Amino acid sequence: MLIKLNQRVHCENEYGKLEKVAVCSPAYMSISAGINETQKYFADEKLKRSLAIEQHTQFIQILKDHGVDVVELAADRQKPEQVFTRDIGFTVGDTVFLAEMKCQVRKGEEEVLKEWLEREQIAYKQLTGSPIEGGDVLVHGKYVYIGLSDRTAPKAVAELKGLLGSEYELVPMPFKSCYLHLDCVFNILSDEDAIIYPEAFSENEYAILSQRYELITVSSQEQFSMGTNVLSIGNRTVLSLPCNKQLNRKLRLRGYKVVEIDFSEIIKSGGSFRCCSMPLKRLNEK
C-alpha cells in the first residue's frame, strides 16, 4: 500500500519512521485502583508527579528532536491513567480505531482522542461492545497481532476483523493473564527482529513467533521494568530505559541505536515508552 502525499494517518508497522504521535501529560497520574501487578507492587509508594511530568517532558523533547510531530491531548484530573495513550486507540493502515476500555477508571479516555480527531476532521472507527485496548494490538504489514488478555476479548477481535476486511490477517495471541497487555511481553522491532518475554507465552504461541522473528529475550527483571515496551521511532532507533542494560546491549549488538531515557517514575504505574505513545502516522520502512 502506497502512502499518498496528503495522507494524515497511516501505520503499517511498529518500526517505520514515526511522523505523528498522540501523547498526554501525567499531570494527574496516580495509583489509586491497583489495576495491574506493577501498580499493586508500588501501591504504598507515593508517586512523585512532578518527576513524572519532568520525565515525560524529556520524552516529548526527544521525539521532537527526531522530527516527530507530537499531539498533546488534554489531561483530565478525573483520569489518572491518561498518560498511557497507546491504549485508547490504534492506527491500522489508513484508519484510526477508537478502543473500548475495560476498566472503569479508564473509561472515557478515548473520548479525548475522539474530540481531537473530530476537530482535525480525521475519520475514525469506534469499537464498541467488547473490550479491546491498543496495548494489545501490534501491526506488521498485513498481519495484526491481537493479544488476548484481561483487557481484550475474542469478540472484539472478530469485530475488528470485520472492519479491516480481507486485506489483513489477524493473529490472536493469548498470553498469561498476569501481564497487562501484549506489548508488555512482546514488541516488533523490524521486519526480522522482535523482543519477547518467553515465560508469558505457551509453547505454541512462542513457536509461532519464533518462526517469524529473530527473538530477543528479556529476563523477568527486565520484563518487570518494561523491557519489551521500547518505542521504535524509525531508522533502527529505539527509546529504552537505562536500567535494562542487558537488553540495550543486545539491541546495540544487532545494530540498533538505543536512546536511553529515564522513565522510572512513570513505569511505577505499569507502562513505558510504547504505552505512552499512540502513533498516528509512520512511514513504511523495512
# chains A, B, ... in the order shown; residues from 1 in each chain; ligands from 1
call {"tool": "select_by_dssp", "arguments": {"residues": "stretch 35-137 of chain A", "states": "strand (DSSP E or B)", "output": "count of residues only"}}
result
20
call {"tool": "residues_around", "arguments": {"residues": "stretch 72-87 of chain A", "least_positions_apart": "3", "cutoff": "9 Å", "atoms": "only C-alpha atoms", "output": "number ranges by chain"}}
result
A: 21-32, 56, 90, 99, 101, 105-110, 112-113, 116, 132-137, 266, 269, 271-279
call {"tool": "write_last_selection", "arguments": {"atoms": "C-alpha atoms", "output": "short mmCIF file (atom, residue, chain, number, x, y, z; two decimals), in the first residue's frame"}}
result
data_model
loop_
_atom_site.label_atom_id
_atom_site.label_comp_id
_atom_site.auth_asym_id
_atom_site.auth_seq_id
_atom_site.Cartn_x
_atom_site.Cartn_y
_atom_site.Cartn_z
CA VAL A 21 2.05 10.62 17.65
CA ALA A 22 -0.50 11.38 20.37
CA VAL A 23 0.63 11.71 23.99
CA CYS A 24 -0.84 13.03 27.23
CA SER A 25 0.84 14.57 30.26
CA PRO A 26 0.92 12.63 33.56
CA ALA A 27 -0.34 15.82 35.25
CA TYR A 28 -2.97 13.88 37.23
CA MET A 29 -1.28 10.49 37.27
CA SER A 30 -1.80 8.42 40.42
CA ILE A 31 -2.01 4.84 41.64
CA SER A 32 -5.49 4.59 43.04
CA HIS A 56 7.51 12.85 30.23
CA PHE A 90 -4.58 2.37 17.32
CA ALA A 99 -10.64 1.44 21.68
CA MET A 101 -11.63 0.40 27.54
CA VAL A 105 -11.07 4.04 35.85
CA ARG A 106 -10.02 4.26 32.19
CA LYS A 107 -13.41 4.58 30.52
CA GLY A 108 -13.75 7.94 28.78
CA GLU A 109 -10.06 8.40 27.98
CA GLU A 110 -10.79 7.54 24.36
CA VAL A 112 -10.36 12.95 24.37
CA LEU A 113 -8.78 11.37 21.29
CA TRP A 116 -9.22 15.77 18.70
CA ILE A 132 -10.10 -4.03 23.19
CA GLU A 133 -7.12 -1.82 24.10
CA GLY A 134 -4.30 -0.58 21.90
CA GLY A 135 -1.56 -2.12 24.03
CA ASP A 136 -2.79 -5.48 22.76
CA VAL A 137 -2.54 -4.50 19.07
CA ILE A 266 6.06 6.61 35.07
CA SER A 269 2.03 2.74 37.04
CA GLY A 271 3.72 1.33 31.31
CA SER A 272 6.72 2.71 29.46
CA PHE A 273 7.52 4.39 26.14
CA ARG A 274 5.24 2.38 23.86
CA CYS A 275 2.39 2.64 26.34
CA CYS A 276 2.80 6.43 26.43
CA SER A 277 2.54 6.95 22.68
CA MET A 278 -0.25 6.39 20.18
CA PRO A 279 1.20 6.56 16.64
#
call {"tool": "residues_around", "arguments": {"residues": "A:Ser225", "least_positions_apart": "6", "cutoff": "9 Å", "atoms": "only C-alpha atoms", "output": "number ranges by chain"}}
result
A: 241, 243-244, 264, 267-268, 270-272
call {"tool": "residues_around", "arguments": {"residues": "A:Arg254", "least_positions_apart": "4", "cutoff": "10 Å", "atoms": "only C-alpha atoms", "output": "list in words"}}
result
Asp193, Ile216, Arg236, Asn248, Arg249 and Lys250 of chain A
